[in-house]
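Visitor: If it helps, the file is called query.cif and holds mmCIF, C-alpha atoms:
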```cif
data_entry
loop_
_atom_site.group_PDB
_atom_site.id
_atom_site.type_symbol
_atom_site.label_atom_id
_atom_site.label_comp_id
_atom_site.auth_asym_id
_atom_site.auth_seq_id
_atom_site.Cartn_x
_atom_site.Cartn_y
_atom_site.Cartn_z
ATOM 1 C CA GLN P 1 -7.207 95.978 -123.091
ATOM 2 C CA PRO P 2 -7.161 99.751 -122.656
ATOM 3 C CA GLU P 3 -4.971 99.538 -119.553
ATOM 4 C CA THR P 4 -2.114 97.923 -121.466
ATOM 5 C CA SER P 5 0.570 99.557 -123.536
ATOM 6 C CA ALA P 6 2.427 98.467 -126.629
ATOM 7 C CA GLY P 7 5.707 98.355 -124.708
ATOM 8 C CA PRO P 8 7.660 95.383 -123.429
ATOM 9 C CA VAL P 9 6.143 92.653 -121.265
ATOM 10 C CA ALA P 10 7.208 90.497 -118.352
ATOM 11 C CA VAL P 11 6.876 86.730 -118.286
ATOM 12 C CA THR P 12 6.644 84.655 -115.131
ATOM 13 C CA GLY P 13 6.448 80.929 -114.711
ATOM 14 C CA TYR P 14 6.170 78.291 -112.044
ATOM 15 C CA CYS P 15 7.583 74.801 -112.484
ATOM 16 C CA ILE P 16 7.783 74.018 -116.217
ATOM 17 C CA GLY P 17 6.214 77.430 -116.880
ATOM 18 C CA GLY P 18 9.446 79.015 -115.638
ATOM 19 C CA LEU P 19 11.415 77.154 -118.273
ATOM 20 C CA LEU P 20 8.920 78.290 -120.914
ATOM 21 C CA ALA P 21 9.178 81.874 -119.647
ATOM 22 C CA VAL P 22 12.973 81.763 -120.033
ATOM 23 C CA ARG P 23 12.689 80.367 -123.559
ATOM 24 C CA THR P 24 10.152 83.087 -124.424
ATOM 25 C CA ALA P 25 12.403 85.843 -123.057
ATOM 26 C CA ALA P 26 15.399 84.505 -124.997
ATOM 27 C CA ALA P 27 13.380 84.211 -128.213
ATOM 28 C CA HIS P 28 11.956 87.749 -127.953
ATOM 29 C CA PRO P 29 14.663 89.908 -126.368
ATOM 30 C CA GLY P 30 13.223 93.211 -127.594
ATOM 31 C CA GLN P 31 9.777 92.428 -126.271
ATOM 32 C CA VAL P 32 10.440 90.842 -122.858
ATOM 33 C CA ALA P 33 11.781 93.249 -120.234
ATOM 34 C CA ALA P 34 11.605 90.895 -117.232
ATOM 35 C CA VAL P 35 11.462 87.167 -116.613
ATOM 36 C CA ALA P 36 10.936 85.298 -113.353
ATOM 37 C CA GLY P 37 10.832 81.611 -112.591
ATOM 38 C CA PHE P 38 9.944 79.889 -109.332
ATOM 39 C CA HIS P 39 10.642 76.248 -108.467
ATOM 40 C CA ALA P 40 11.398 75.994 -112.165
ATOM 41 C CA PRO P 41 13.974 73.935 -114.100
ATOM 42 C CA VAL P 42 15.391 77.053 -115.756
ATOM 43 C CA GLY P 43 18.818 75.485 -116.233
ATOM 44 C CA ALA P 44 17.240 73.020 -118.658
ATOM 45 C CA ALA P 45 17.003 75.909 -121.129
ATOM 46 C CA GLY P 46 20.741 75.405 -121.622
ATOM 47 C CA PRO P 47 23.634 77.843 -121.656
ATOM 48 C CA ASP P 48 23.007 79.052 -125.210
ATOM 49 C CA THR P 49 19.451 80.096 -124.338
ATOM 50 C CA LEU P 50 20.465 81.664 -121.027
ATOM 51 C CA ARG P 51 23.158 83.696 -122.796
ATOM 52 C CA ARG P 52 20.513 85.234 -125.072
ATOM 53 C CA LEU P 53 18.585 86.773 -122.171
ATOM 54 C CA SER P 54 18.443 90.556 -122.219
ATOM 55 C CA ALA P 55 15.559 90.813 -119.748
ATOM 56 C CA LYS P 56 16.054 91.463 -116.050
ATOM 57 C CA VAL P 57 15.766 88.107 -114.277
ATOM 58 C CA HIS P 58 14.813 86.610 -110.941
ATOM 59 C CA PHE P 59 14.912 82.893 -110.201
ATOM 60 C CA GLY P 60 13.649 81.508 -106.894
ATOM 61 C CA HIS P 61 14.698 77.876 -106.569
ATOM 62 C CA ALA P 62 13.444 75.217 -104.175
ATOM 63 C CA GLU P 63 16.069 73.496 -102.026
ATOM 64 C CA THR P 64 14.951 70.142 -103.424
ATOM 65 C CA ASP P 65 15.241 71.289 -107.042
ATOM 66 C CA LEU P 66 18.784 72.599 -107.205
ATOM 67 C CA THR P 67 22.025 71.941 -105.351
ATOM 68 C CA SER P 68 24.295 74.781 -104.332
ATOM 69 C CA GLU P 69 26.730 73.541 -107.008
ATOM 70 C CA GLY P 70 23.980 73.662 -109.624
ATOM 71 C CA LEU P 71 23.080 77.167 -108.500
ATOM 72 C CA GLY P 72 26.716 78.188 -108.859
ATOM 73 C CA GLU P 73 26.897 76.825 -112.403
ATOM 74 C CA LEU P 74 23.646 78.526 -113.397
ATOM 75 C CA ASN P 75 24.760 81.840 -111.915
ATOM 76 C CA GLN P 76 28.186 81.582 -113.573
ATOM 77 C CA THR P 77 26.479 81.210 -116.945
ATOM 78 C CA LEU P 78 24.312 84.262 -116.250
ATOM 79 C CA ASP P 79 27.334 86.250 -115.018
ATOM 80 C CA ALA P 80 29.379 85.373 -118.095
ATOM 81 C CA ALA P 81 26.508 86.502 -120.317
ATOM 82 C CA GLY P 82 26.164 89.825 -118.491
ATOM 83 C CA VAL P 83 22.558 89.113 -117.503
ATOM 84 C CA ASP P 84 21.041 91.445 -114.871
ATOM 85 C CA TYR P 85 19.701 88.820 -112.475
ATOM 86 C CA THR P 86 19.124 87.482 -109.005
ATOM 87 C CA SER P 87 19.017 83.729 -108.532
ATOM 88 C CA GLU P 88 18.786 82.041 -105.177
ATOM 89 C CA ILE P 89 17.623 78.977 -103.362
ATOM 90 C CA TYR P 90 14.745 79.837 -101.043
ATOM 91 C CA PRO P 91 15.336 78.350 -97.590
ATOM 92 C CA ASP P 92 13.312 75.415 -96.293
ATOM 93 C CA THR P 93 11.497 74.813 -99.578
ATOM 94 C CA VAL P 94 10.440 71.902 -101.720
ATOM 95 C CA HIS P 95 9.222 71.953 -105.302
ATOM 96 C CA GLY P 96 5.878 73.737 -105.512
ATOM 97 C CA PHE P 97 6.419 76.054 -102.535
ATOM 98 C CA THR P 98 4.175 78.816 -103.947
ATOM 99 C CA MET P 99 1.129 76.566 -104.292
ATOM 100 C CA ALA P 100 -1.162 77.065 -101.278
ATOM 101 C CA ASP P 101 -3.281 74.022 -102.085
ATOM 102 C CA THR P 102 -0.423 71.518 -101.777
ATOM 103 C CA ASP P 103 1.724 70.018 -99.017
ATOM 104 C CA ALA P 104 4.712 71.796 -100.601
ATOM 105 C CA PHE P 105 3.351 75.237 -99.700
ATOM 106 C CA ASN P 106 5.653 77.457 -97.685
ATOM 107 C CA PRO P 107 4.102 80.803 -96.643
ATOM 108 C CA ALA P 108 7.466 82.442 -95.936
ATOM 109 C CA ALA P 109 8.791 81.415 -99.349
ATOM 110 C CA LEU P 110 5.628 82.647 -101.037
ATOM 111 C CA GLN P 111 6.181 86.024 -99.398
ATOM 112 C CA LEU P 112 9.825 86.008 -100.500
ATOM 113 C CA HIS P 113 8.589 85.274 -104.025
ATOM 114 C CA TRP P 114 6.347 88.377 -103.916
ATOM 115 C CA ASP P 115 9.166 90.417 -102.347
ATOM 116 C CA HIS P 116 11.291 89.689 -105.439
ATOM 117 C CA LEU P 117 8.651 89.529 -108.164
ATOM 118 C CA LEU P 118 6.744 92.755 -107.532
ATOM 119 C CA PRO P 119 9.833 95.027 -107.416
ATOM 120 C CA LEU P 120 11.180 93.335 -110.548
ATOM 121 C CA LEU P 121 7.948 94.133 -112.360
ATOM 122 C CA GLY P 122 7.909 97.653 -110.966
ATOM 123 C CA ARG P 123 11.485 98.370 -112.112
ATOM 124 C CA THR P 124 11.025 96.992 -115.591
ATOM 125 C CA LEU P 125 7.469 97.939 -116.493
ATOM 126 C CA ALA P 126 6.917 101.232 -114.658
ATOM 127 C CA ASN P 127 7.729 103.415 -117.672
ATOM 128 C CA CYS P 128 6.223 101.216 -120.365
#
```
As a first step, turn the structure in this file into structure tokens.
Guide:
Amino acid sequence: QPETSAGPVAVTGYCIGGLLAVRTAAAHPGQVAAVAGFHAPVGAAGPDTLRRLSAKVHFGHAETDLTSEGLGELNQTLDAAGVDYTSEIYPDTVHGFTMADTDAFNPAALQLHWDHLLPLLGRTLANC
């Protein structure tokens, strides 16, 4: 497409797509500038994969998907690897909170998702 550039990309995923986005970012560090995952099992990528991330990262977790202890372990791995990230549990959410056509939908969490995702993309892709 003429509106695209040859520079780095961002990858975003929801649910299992978030895990795949993380694996993609780790496999292509020079090509992926940002990665985001929402209600996604990103910890299943494993510490070795998470340590290979060079992209800027945002993870928005559902309360039902991750305990505060699990969040702490995930964030410790990212900290130890020097990853530039934010990773938080979105309040009052269940798995699938971004999906407007399901009972899991949470409008406030969807807005929080946009409030994190769009600035992440703007910071990482603005000069590409």
Visitor: Have a look at P:Ala40, P:His28, P:His61, P:Leu74 and name the one nearest to Gly13 in chain P; count only C-alpha atoms.
Guide: P:Ala40
Visitor: For the provided coordinates, the residues matched by the PyMOL selection byres ((chain P and resi 92) around 10) should be stated as a ChimeraX atom specification.
Guide: /P:62-64,89-91,93-94,97,106,108-109
Visitor: When distances are computed from only C-alpha atoms, which of P:Thr4, P:Thr77, P:Ser54, P:His116 shows the smallest separation from Val32 in chain P?
Guide: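 Answer, going by the shortest atom-to-atom distance: P:Ser54.
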Visitor: From the options P:Gly60, P:Pro29, P:Gly82, P:Pro8, which residue's atoms come nearest to Gly96 in chain P, counting only C-alpha atoms?
Guide: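 Between P:Gly60, P:Pro29, P:Gly82, P:Pro8, the residue approaching Gly96 in chain P most closely is P:Gly60.
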Visitor: Given the file above and the PyMOL selection byres ((chain P and resi 99) around 12), which residues are selected, and can you give them as a ChimeraX atom specification?
Guide: /P:14-15,38-39,93-98,100-107,109-111,113
Visitor: Expressed in Å to a single decimal, how great is the separation between CA of Ala26 in chain P and CA of Thr67 in chain P?
Guide: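 Taking CA of Ala26 in chain P and CA of Thr67 in chain P, their separation equals 24.2 Å.
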Visitor: Could you check which of P:Leu78, P:Leu121, P:Ala55, P:Ala45 is closest to Ala25 in chain P, using all atoms listed in the file?
Guide: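 Checking each candidate against Ala25 in chain P, we get P:Ala55 as the closest.
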Visitor: Go ahead and compute the interatomic distance for CA of Lys56 in chain P and CA of Arg23 in chain P, in Å to one decimal.
Guide: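 According to the coordinates, CA of Lys56 in chain P and CA of Arg23 in chain P are separated by 13.8 Å.
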